[in-house]
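Chemist: Data file input-v8.csv (CSV, C-alpha atoms) is appended below.
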```csv
chain,number,residue,atom,x,y,z
P,1,MET,CA,186.4,86.5,63.5
P,2,SER,CA,183.1,86.8,65.4
P,3,SER,CA,180.3,84.8,63.9
P,4,LYS,CA,176.7,86.1,64.2
P,5,PRO,CA,174.4,83.9,66.2
P,6,THR,CA,172.1,81.9,63.9
P,7,ILE,CA,168.4,82.3,64.5
P,8,SER,CA,166.1,79.3,63.8
P,9,LYS,CA,163.1,79.6,61.6
P,10,GLU,CA,160.7,79.0,64.5
P,11,ALA,CA,162.3,81.8,66.6
P,12,ARG,CA,162.3,84.2,63.6
P,13,ALA,CA,158.6,83.4,62.9
P,14,SER,CA,157.7,83.9,66.6
P,15,LYS,CA,159.5,87.3,66.6
P,16,LEU,CA,157.8,88.4,63.5
P,17,LEU,CA,154.4,87.5,65.0
P,18,THR,CA,155.2,89.3,68.2
P,19,ASN,CA,156.2,92.4,66.4
P,20,PHE,CA,153.1,92.3,64.2
P,21,LEU,CA,150.8,92.1,67.2
P,22,LYS,CA,152.6,95.0,68.9
P,23,ASP,CA,152.5,97.2,65.9
P,24,TYR,CA,149.0,96.4,64.8
P,25,LYS,CA,147.2,95.8,68.0
P,26,TRP,CA,145.0,98.9,67.2
P,27,LEU,CA,143.7,96.9,64.2
P,28,GLY,CA,142.3,94.2,66.4
P,29,ILE,CA,140.7,96.7,68.8
P,30,SER,CA,139.1,98.5,65.8
P,31,LEU,CA,137.8,95.4,64.3
P,32,GLY,CA,136.4,94.2,67.6
P,33,THR,CA,134.7,97.5,68.2
P,34,LEU,CA,133.2,97.4,64.7
P,35,THR,CA,131.7,93.9,65.3
P,36,VAL,CA,130.0,95.2,68.5
P,37,LEU,CA,128.7,98.3,66.6
P,38,ALA,CA,127.4,96.0,63.9
P,39,HIS,CA,125.4,94.0,66.4
P,40,PHE,CA,123.9,97.2,67.9
P,41,TRP,CA,123.2,98.4,64.4
P,42,ARG,CA,121.3,95.2,63.6
P,43,ILE,CA,119.1,95.4,66.7
P,44,ARG,CA,118.7,99.2,66.3
P,45,TYR,CA,119.6,99.9,69.9
P,46,LEU,CA,122.7,101.3,71.7
P,47,PRO,CA,122.9,100.6,75.4
P,48,THR,CA,125.0,102.6,77.9
P,49,LEU,CA,128.2,100.7,78.4
P,50,GLY,CA,131.6,101.2,80.1
P,51,ILE,CA,134.8,101.1,78.1
P,52,ALA,CA,136.0,97.9,79.9
P,53,ASP,CA,132.8,96.0,79.0
P,54,VAL,CA,133.0,97.0,75.4
P,55,GLY,CA,136.7,96.0,75.2
P,56,LEU,CA,136.1,92.5,76.6
P,57,LEU,CA,133.0,91.9,74.6
P,58,ALA,CA,134.7,93.1,71.4
P,59,LEU,CA,137.7,90.8,71.9
P,60,ALA,CA,135.5,87.8,72.6
P,61,ILE,CA,133.3,88.4,69.5
P,62,LEU,CA,136.2,89.1,67.3
P,63,LEU,CA,138.1,85.9,68.2
P,64,PHE,CA,134.9,83.7,67.9
P,65,SER,CA,133.8,85.2,64.6
P,66,SER,CA,137.3,85.1,63.1
P,67,ILE,CA,137.9,81.5,63.9
P,68,ALA,CA,134.4,80.5,62.7
P,69,LEU,CA,134.8,82.5,59.5
P,70,LEU,CA,138.1,80.8,58.8
P,71,LEU,CA,136.7,77.3,59.3
P,72,VAL,CA,133.6,78.1,57.1
P,73,GLY,CA,135.9,79.5,54.4
P,74,ILE,CA,138.1,76.4,54.4
P,75,MET,CA,135.0,74.2,54.2
P,76,CYS,CA,133.6,76.2,51.3
P,77,VAL,CA,136.8,75.9,49.2
P,78,MET,CA,137.4,72.2,49.9
P,79,PRO,CA,135.8,71.1,46.6
P,80,GLY,CA,138.4,73.3,44.8
P,81,PHE,CA,141.2,71.4,46.4
P,82,ALA,CA,139.6,68.1,45.4
P,83,LEU,CA,139.5,69.4,41.8
P,84,LEU,CA,143.2,70.2,42.1
P,85,GLY,CA,144.0,66.7,43.2
P,86,TRP,CA,142.0,65.1,40.4
P,87,SER,CA,143.6,67.3,37.8
P,88,THR,CA,147.0,66.2,39.1
P,89,GLN,CA,145.8,62.6,38.7
P,90,ARG,CA,144.6,63.5,35.2
P,91,ALA,CA,141.0,62.4,36.1
P,92,ILE,CA,139.9,65.8,34.8
P,93,ALA,CA,141.5,68.1,32.2
P,94,ARG,CA,144.6,69.8,33.5
P,95,PRO,CA,145.0,73.5,32.6
P,96,ARG,CA,148.1,74.3,30.6
P,97,GLY,CA,150.4,77.3,30.7
P,98,SER,CA,152.1,79.2,33.5
P,99,THR,CA,153.2,82.7,34.2
P,100,GLU,CA,156.5,81.3,35.7
P,101,ARG,CA,158.4,80.6,32.6
P,102,SER,CA,162.1,81.1,32.1
P,103,PRO,CA,163.1,83.9,29.6
P,104,ARG,CA,164.5,81.3,27.3
P,105,ARG,CA,161.2,79.3,27.2
P,106,ARG,CA,159.2,82.6,26.9
P,107,VAL,CA,161.3,83.6,23.8
P,108,ALA,CA,160.9,80.2,22.2
P,109,ARG,CA,157.2,80.3,22.9
P,110,ASN,CA,156.9,83.8,21.3
P,111,LYS,CA,158.6,82.6,18.1
P,112,VAL,CA,155.9,80.0,17.5
P,113,ARG,CA,153.2,82.5,16.8
P,114,THR,CA,151.5,81.8,13.5
P,115,THR,CA,148.2,82.2,11.8
P,116,ASP,CA,148.4,78.7,10.3
P,117,PRO,CA,145.0,77.0,11.1
P,118,ALA,CA,146.7,73.7,11.6
P,119,ARG,CA,148.6,75.2,14.6
P,120,GLN,CA,145.5,76.7,16.3
P,121,PRO,CA,143.4,73.7,17.4
P,122,GLN,CA,145.8,72.8,20.3
P,123,SER,CA,145.3,76.2,22.1
P,124,ARG,CA,141.6,76.0,21.4
P,125,LYS,CA,141.5,72.5,22.8
P,126,ARG,CA,143.1,73.7,26.0
P,127,LEU,CA,140.5,76.5,26.4
P,128,THR,CA,137.8,74.0,25.6
P,129,GLY,CA,139.1,71.7,28.3
P,130,MET,CA,139.0,74.4,31.0
P,131,GLY,CA,135.6,75.6,29.8
P,132,LEU,CA,134.3,72.0,29.8
P,133,VAL,CA,135.4,71.6,33.4
P,134,LEU,CA,133.6,74.8,34.3
P,135,LEU,CA,130.4,73.5,32.6
P,136,GLN,CA,130.8,70.2,34.4
P,137,ILE,CA,131.2,71.9,37.8
P,138,TYR,CA,128.0,73.9,37.4
P,139,ALA,CA,126.1,70.8,36.1
P,140,GLY,CA,127.4,68.7,38.9
P,141,SER,CA,126.5,71.3,41.6
P,142,LEU,CA,123.0,71.6,40.0
P,143,VAL,CA,122.6,67.8,40.1
P,144,ALA,CA,123.5,67.7,43.7
P,145,PHE,CA,121.2,70.6,44.6
P,146,LEU,CA,118.3,69.0,42.7
P,147,LEU,CA,119.0,65.6,44.4
P,148,TYR,CA,118.8,67.0,48.0
P,149,TRP,CA,115.9,69.2,47.0
P,150,GLY,CA,114.1,66.1,45.8
P,151,VAL,CA,114.8,64.4,49.1
P,152,THR,CA,112.8,67.1,50.9
P,153,LEU,CA,109.8,66.2,48.8
P,154,LEU,CA,109.8,62.6,50.1
P,155,PRO,CA,107.6,61.5,53.0
P,156,LYS,CA,109.1,62.7,56.4
P,157,GLY,CA,109.9,59.1,57.4
P,158,ALA,CA,112.0,58.6,54.3
P,159,GLN,CA,113.8,61.9,54.1
P,160,LYS,CA,116.5,61.3,56.7
P,161,PRO,CA,117.5,57.8,55.4
P,162,ALA,CA,117.6,59.0,51.8
P,163,PHE,CA,119.6,62.1,52.8
P,164,LEU,CA,122.2,60.0,54.7
P,165,PHE,CA,122.4,57.4,51.9
P,166,ALA,CA,123.0,60.1,49.2
P,167,PHE,CA,125.6,61.8,51.4
P,168,PHE,CA,127.6,58.7,52.4
P,169,LEU,CA,127.5,57.2,48.9
P,170,SER,CA,128.9,60.5,47.5
P,171,LEU,CA,131.6,60.7,50.3
P,172,VAL,CA,132.7,57.0,49.7
P,173,VAL,CA,132.9,57.6,46.0
P,174,VAL,CA,135.0,60.7,46.4
P,175,VAL,CA,137.4,59.2,48.9
P,176,LEU,CA,137.8,55.9,47.0
P,177,SER,CA,138.3,57.6,43.7
P,178,SER,CA,141.1,59.8,45.2
P,179,ILE,CA,142.8,56.8,46.6
P,180,LEU,CA,142.4,54.4,43.6
P,181,LEU,CA,143.5,57.0,41.0
P,182,ASP,CA,146.9,57.1,42.8
P,183,ILE,CA,147.4,53.5,41.6
P,184,ARG,CA,149.2,53.6,38.3
P,185,TRP,CA,147.4,50.9,36.4
P,186,ILE,CA,144.0,52.1,37.5
P,187,ARG,CA,144.8,55.6,36.5
P,188,TYR,CA,146.1,54.3,33.1
P,189,ARG,CA,142.8,52.4,32.5
P,190,ALA,CA,140.8,55.5,33.5
P,191,LEU,CA,142.8,57.8,31.2
P,192,LYS,CA,142.2,55.3,28.3
P,193,ALA,CA,138.5,55.1,28.9
P,194,LYS,CA,136.2,55.9,26.0
P,195,HIS,CA,133.9,58.0,28.1
P,196,LYS,CA,136.5,60.0,30.1
P,197,LYS,CA,134.4,63.2,30.1
P,198,LEU,CA,131.5,61.3,31.5
P,199,LEU,CA,133.7,59.9,34.2
P,200,SER,CA,135.0,63.4,35.2
P,201,PHE,CA,131.4,64.7,35.3
P,202,CYS,CA,130.3,61.8,37.6
P,203,LEU,CA,133.3,62.5,39.9
P,204,ILE,CA,132.4,66.2,40.1
P,205,ALA,CA,128.7,65.4,40.7
P,206,PHE,CA,129.6,63.1,43.6
P,207,LEU,CA,132.0,65.7,44.9
P,208,TYR,CA,129.1,68.2,45.3
P,209,GLY,CA,126.9,65.5,46.6
P,210,ALA,CA,129.4,65.1,49.5
P,211,SER,CA,130.1,68.8,50.1
P,212,THR,CA,126.7,70.3,49.8
P,213,PRO,CA,125.3,68.9,53.1
P,214,PHE,CA,128.2,70.4,55.0
P,215,MET,CA,127.5,73.9,53.7
P,216,TRP,CA,123.8,73.3,54.1
P,217,VAL,CA,124.2,72.4,57.8
P,218,VAL,CA,126.5,75.4,58.4
P,219,PHE,CA,124.2,78.0,56.9
P,220,ARG,CA,121.1,76.4,58.5
P,221,GLU,CA,122.7,76.6,61.9
P,222,LEU,CA,123.5,80.3,61.2
P,223,ARG,CA,119.8,80.8,60.3
P,224,THR,CA,120.7,82.3,56.9
P,225,PRO,CA,117.6,83.1,54.8
P,226,ALA,CA,117.2,81.0,51.7
P,227,LEU,CA,117.1,84.0,49.3
P,228,THR,CA,120.6,85.1,50.4
P,229,LEU,CA,121.9,81.6,49.6
P,230,LEU,CA,120.9,81.7,45.9
P,231,PRO,CA,123.9,83.8,44.8
P,232,LEU,CA,126.2,81.2,46.4
P,233,LEU,CA,124.9,78.6,44.0
P,234,VAL,CA,126.6,80.7,41.3
P,235,LEU,CA,129.6,82.1,43.2
P,236,PHE,CA,130.9,78.9,45.0
P,237,PRO,CA,131.3,76.8,41.8
P,238,LEU,CA,133.1,79.7,40.2
P,239,ILE,CA,135.5,79.9,43.1
P,240,HIS,CA,136.2,76.2,42.9
P,241,TRP,CA,136.9,76.5,39.1
P,242,ALA,CA,139.2,79.5,39.7
P,243,LEU,CA,141.2,77.6,42.2
P,244,TYR,CA,141.5,74.7,39.7
P,245,ALA,CA,142.2,76.9,36.6
P,246,THR,CA,145.0,79.0,38.3
P,247,GLN,CA,146.9,76.1,39.7
P,248,ARG,CA,150.0,76.9,37.5
P,249,MET,CA,150.0,80.5,38.3
P,250,PRO,CA,152.1,82.1,41.2
P,251,LEU,CA,150.9,81.1,44.6
P,252,ARG,CA,150.5,84.7,45.7
P,253,PHE,CA,148.2,85.5,42.7
P,254,ARG,CA,146.1,82.4,43.4
P,255,THR,CA,145.8,83.2,47.1
P,256,VAL,CA,144.6,86.7,46.4
P,257,ILE,CA,142.1,85.7,43.7
P,258,THR,CA,140.6,82.9,45.8
P,259,GLY,CA,140.6,84.9,49.0
P,260,VAL,CA,138.9,88.0,47.5
P,261,ALA,CA,136.3,85.9,45.7
P,262,LEU,CA,135.5,83.9,48.8
P,263,VAL,CA,135.2,86.9,51.1
P,264,TYR,CA,133.0,88.6,48.6
P,265,SER,CA,130.7,85.5,48.4
P,266,LEU,CA,130.5,85.2,52.2
P,267,PHE,CA,129.6,88.9,52.5
P,268,VAL,CA,126.9,88.5,49.8
P,269,ALA,CA,125.4,85.8,52.0
P,270,GLY,CA,125.6,88.0,55.1
P,271,LEU,CA,127.8,85.4,56.8
P,272,PRO,CA,129.9,87.8,58.9
P,273,LEU,CA,126.8,89.3,60.5
P,274,ARG,CA,125.4,85.9,61.1
P,275,LEU,CA,128.6,84.8,62.9
P,276,ILE,CA,128.5,87.9,65.1
P,277,ASP,CA,124.9,87.1,66.0
P,278,GLU,CA,125.8,83.5,66.8
P,279,SER,CA,128.7,84.5,68.9
P,280,LEU,CA,126.5,86.8,71.0
P,281,ARG,CA,124.0,84.0,71.3
P,282,THR,CA,126.7,81.5,72.4
P,283,PHE,CA,128.0,83.8,75.1
P,284,GLY,CA,124.5,84.6,76.3
P,285,VAL,CA,124.8,88.3,75.6
P,286,GLY,CA,122.0,88.8,73.2
P,287,LEU,CA,119.7,87.6,70.4
P,288,MET,CA,118.6,84.7,72.6
P,289,ASP,CA,115.4,83.1,71.3
P,290,ASN,CA,112.6,81.2,73.2
P,291,GLN,CA,113.4,82.8,76.5
P,292,THR,CA,111.2,83.2,79.6
P,293,VAL,CA,112.0,86.3,81.7
P,294,LEU,CA,111.0,86.6,85.3
P,295,VAL,CA,109.7,90.1,85.8
P,296,THR,CA,107.6,92.1,88.3
P,297,GLN,CA,104.1,93.4,87.6
P,298,ARG,CA,105.6,96.6,86.3
P,299,GLY,CA,107.6,94.6,83.8
P,300,CYS,CA,104.4,92.9,82.5
P,301,ASP,CA,102.8,96.4,82.1
P,302,ILE,CA,105.8,97.7,80.1
P,303,SER,CA,105.6,94.7,77.8
P,304,LYS,CA,101.9,95.1,77.2
P,305,ALA,CA,102.3,98.8,76.5
P,306,ALA,CA,104.9,98.0,73.9
P,307,GLY,CA,102.6,95.5,72.1
P,308,ILE,CA,104.7,92.4,72.8
P,309,ARG,CA,102.5,89.4,72.2
P,310,ALA,CA,103.5,87.0,75.0
P,311,THR,CA,102.0,85.6,78.2
P,312,CYS,CA,102.7,86.9,81.7
P,313,THR,CA,102.1,84.1,84.2
P,314,ARG,CA,102.2,84.5,88.0
P,315,ILE,CA,104.8,82.4,89.8
P,316,GLY,CA,104.1,80.9,93.2
P,317,THR,CA,101.2,82.0,95.4
P,318,THR,CA,98.5,84.5,94.6
P,319,ASN,CA,100.4,87.1,96.7
P,320,SER,CA,103.6,86.7,94.7
P,321,ASP,CA,104.8,89.7,92.7
P,322,LEU,CA,106.9,87.5,90.3
P,323,PHE,CA,105.7,86.8,86.8
P,324,ALA,CA,107.0,84.6,83.9
P,325,LEU,CA,107.0,86.6,80.6
P,326,GLY,CA,107.5,84.5,77.5
P,327,PRO,CA,108.3,83.3,75.0
P,328,VAL,CA,110.4,86.4,74.0
P,329,ILE,CA,113.7,87.3,72.4
P,330,ILE,CA,116.3,88.8,74.6
P,331,GLN,CA,118.0,91.1,72.1
P,332,THR,CA,120.7,92.3,74.6
P,333,ARG,CA,121.2,92.2,78.3
P,334,LEU,CA,124.0,94.8,78.2
P,335,GLY,CA,123.5,98.1,80.0
P,336,SER,CA,120.9,99.1,82.6
P,337,HIS,CA,118.0,97.6,80.7
P,338,LEU,CA,117.1,94.2,79.2
P,339,LEU,CA,115.8,94.7,75.7
P,340,ILE,CA,113.1,92.1,74.9
P,341,ALA,CA,111.0,91.6,71.8
P,342,GLU,CA,108.3,89.2,70.6
P,343,PRO,CA,109.3,86.0,68.8
P,344,SER,CA,108.3,87.4,65.4
P,345,TRP,CA,110.9,90.2,65.6
P,346,THR,CA,113.5,90.4,62.8
P,347,PRO,CA,115.9,93.1,61.7
P,348,GLU,CA,113.7,93.7,58.7
P,349,ASN,CA,110.6,93.9,61.0
P,350,PRO,CA,111.9,95.8,64.1
P,351,PHE,CA,108.6,96.3,66.0
P,352,HIS,CA,107.0,95.2,69.3
P,353,ARG,CA,109.9,95.4,71.7
P,354,ALA,CA,110.8,97.3,74.8
P,355,PRO,CA,113.7,97.9,77.2
P,356,VAL,CA,112.8,96.7,80.7
P,357,PRO,CA,114.8,98.1,83.6
P,358,ALA,CA,117.1,95.6,85.2
P,359,SER,CA,115.5,96.3,88.6
P,360,GLU,CA,112.2,94.8,87.3
P,361,ILE,CA,113.9,91.5,86.2
P,362,ALA,CA,114.8,88.6,88.5
P,363,SER,CA,116.2,86.1,86.0
P,364,TRP,CA,115.6,84.5,82.6
P,365,PHE,CA,115.9,81.0,81.1
P,366,THR,CA,115.2,79.0,78.0
P,367,ARG,CA,111.7,77.8,78.6
P,368,ALA,CA,108.5,78.9,76.9
P,369,ASP,CA,105.8,76.6,78.4
P,370,LYS,CA,103.3,77.7,81.0
P,371,MET,CA,104.5,78.2,84.5
P,372,VAL,CA,102.7,76.3,87.3
P,373,SER,CA,101.9,77.8,90.6
P,374,LYS,CA,102.0,76.1,94.0
P,375,GLU,CA,98.3,75.2,93.7
P,376,GLY,CA,99.1,73.3,90.6
P,377,LYS,CA,97.3,75.6,88.2
P,378,ALA,CA,98.8,77.9,85.7
P,379,GLU,CA,97.8,81.5,86.1
P,380,ASP,CA,98.1,83.9,83.0
P,381,THR,CA,98.0,87.5,84.1
P,382,SER,CA,98.4,90.9,82.6
P,383,SER,CA,97.3,94.4,83.4
P,384,ALA,CA,94.4,94.3,80.9
P,385,ALA,CA,91.8,92.9,83.2
P,386,THR,CA,91.6,92.6,87.0
P,387,SER,CA,89.3,90.4,89.1
P,388,LYS,CA,87.7,91.2,92.4
P,389,ASN,CA,90.7,90.0,94.4
P,390,GLY,CA,93.0,92.3,92.4
P,391,LEU,CA,94.5,89.4,90.3
P,392,THR,CA,94.8,89.9,86.5
P,393,LYS,CA,93.4,87.1,84.3
P,394,ASP,CA,94.2,88.1,80.7
P,395,ALA,CA,96.8,85.8,79.0
P,396,GLU,CA,97.7,88.0,76.0
P,397,LEU,CA,99.7,91.1,76.6
```
The structure given in the file should be rewritten as structure tokens.

Modeler:
Amino acid sequence: MSSKPTISKEARASKLLTNFLKDYKWLGISLGTLTVLAHFWRIRYLPTLGIADVGLLALAILLFSSIALLLVGIMCVMPGFALLGWSTQRAIARPRGSTERSPRRRVARNKVRTTDPARQPQSRKRLTGMGLVLLQIYAGSLVAFLLYWGVTLLPKGAQKPAFLFAFFLSLVVVVLSSILLDIRWIRYRALKAKHKKLLSFCLIAFLYGASTPFMWVVFRELRTPALTLLPLLVLFPLIHWALYATQRMPLRFRTVITGVALVYSLFVAGLPLRLIDESLRTFGVGLMDNQTVLVTQRGCDISKAAGIRATCTRIGTTNSDLFALGPVIIQTRLGSHLLIAEPSWTPENPFHRAPVPASEIASWFTRADKMVSKEGKAEDTSSAATSKNGLTKDAEL
């Protein structure tokens, strides 16, 4: 008899991944193209591009944004995993019930139905335990938010030490409590404590004291407006509670519920668009702030005509035709023009910008101070006023 060759799990998984990439490669191309179009939609400008340029840019943005979104998502649900660990250690109330019961147990459970008031308090107690944990989660997150908000009201010299002290204290408490509760006699003493609810509330408050700075740094680096972060104060604790409350349900159900809720929360905060902007900024393709662009006199005239408030300073000798225009935002350098805007430009206020032909641009760099000529003096010029020697002297365009 001929025996079929056995295929290892690693080989089977690799084959499935390869087949998936072959069958759904169009999905990656479509998502990458959508990310590029989302960027052009945000800046309200569509340059002339070749298919090869769009494909390479779409792939780079898609990979960067997907990895960053995955890491941010994992970071946002980490408090939920901490709650799962503490519920396993019985430091907080553990939800009862499961959808994965055997038929025998399900029948036995159905027979116990009764309207006897003496049999009802146990079920109500379980609901009260999960509801109490939800209340503790919101209260703990609010305490952490108020704590770090209060730190910002301190004098500037004391803000950083107080911030670091609160963060490291919370982190040490969370780590030590997770380790010590694994020791049997310590866990036994904690379970027999008179103020067990107060203990669980303190643990949750320290948990958010350790996790809030991570999320605050991430959203600050992505330049997320403060108003868009307010819904997350409600949605994130609810996601953490859902991850805790559904721990005895099927894994597929828990994954779908948590994933949908997390994706919805991140879209509410506008995180995908922020990640696309950050990827373009990282690759030096667009949305680069605080830039100085080296242009010709014609480039200065175009900027002034568009109402861009920036200085145009002559570089080198008085006969030089090279000027430093800045500070400005380079919205995109793709195509035959360089789209520049003044520093106050935002997607909500899309004014005072202009596409400058690439032939009028020599280079650009991150520097916004005044340029110094060879004579050692900074010359600010524009086409607004001209001296007797033909040199412009106005600093504001």

Chemist: Please report the interatomic distance between atom CA of P:Asp289 and atom CA of P:Ile329 in Å with one decimal.

Modeler: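 That distance, rounded to one decimal, is 4.7 Å.
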
Chemist: Between P:Leu273, P:Leu294, P:Leu84, P:Ala162, single out the one closest to P:Arg248, counting all atoms listed in the file.

Modeler: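 The closest residue to P:Arg248 is P:Leu84.
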
Chemist: Using all atoms listed in the file, pick whichever of P:Gln89, P:Gly73, P:Leu142, P:Ile239 has the shortest atom-to-atom distance to P:Leu266.

Modeler: P:Gly73

Chemist: Smallest atom-to-atom distance to P:Phe168: which of P:Pro231, P:Gly209, P:Gly55, P:Gly284, using only C-alpha atoms?

Modeler: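 Comparing P:Pro231, P:Gly209, P:Gly55, P:Gly284 against P:Phe168, the winner is P:Gly209.
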
Chemist: Tell me, in Å to one decimal, how far atom CA of P:Pro213 is from atom CA of P:Leu164.

Modeler: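 Straight-line distance from atom CA of P:Pro213 to atom CA of P:Leu164 works out to 9.6 Å.
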
Chemist: Please list as a list in words every residue within 10 Å of P:Arg187, counting all atoms listed in the file and excluding residues in the same chain fewer than 6 positions away.

Modeler: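 The filter keeps Gln89, Arg90, Ala91, Ser177, Leu180, Leu181 and Ala193 of chain P.
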
Chemist: List the spatial neighbours of P:Ile361 as a list in words - criterion: any atom at most 12 Å away, only C-alpha atoms, same-chain residues fewer than 5 positions off excluded.

Modeler: Thr292, Val293, Leu294, Val295, Thr296, Gln297, Arg298, Gly299, Cys300, Ile302, Asp321, Leu322, Phe323, Ala324, Leu325, Arg333, Ser336, His337, Leu338, Leu339, Ile340, Pro355 and Val356 of chain P

Chemist: Need to verify the contact set: P:Ala341, 7 Å, all atoms listed in the file, exclusion of same-chain residues closer than 5 positions in sequence. Can you return it as a list in words?

Modeler: Ile308, Val328, Ile329, Ile330, His352, Arg353 and Ala354 of chain P

Chemist: Once you count all atoms listed in the file, what closest atom pair and distance in Å to one decimal does each residue of stretch 223-341 of chain P within 12 Å of stretch 145-154 of chain P have, with rows by chain and rising residue number, as a tab-separated table?

Modeler:
```
residue	atom	partner	partner_atom	distance
P:Leu230	CA	P:Phe145	CA	11.2
P:Leu232	CA	P:Phe145	CA	11.9
P:Leu233	CA	P:Phe145	CA	8.8
P:Val234	CA	P:Phe145	CA	11.9
```

Chemist: Please dump the current selection as a PDB file, in the frame of the given file; keep C-alpha atoms.

Modeler:
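File part.pdb, as written:
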```
ATOM      1  CA  LEU P 230     120.900  81.700  45.900  1.00  0.00           C
ATOM      2  CA  LEU P 232     126.200  81.200  46.400  1.00  0.00           C
ATOM      3  CA  LEU P 233     124.900  78.600  44.000  1.00  0.00           C
ATOM      4  CA  VAL P 234     126.600  80.700  41.300  1.00  0.00           C
TER       5      VAL P 234
END
```

Chemist: Grab the atom CA of P:Phe236 to atom CA of P:Leu176 distance for me, in Å with one decimal place.

Modeler: 24.1 Å
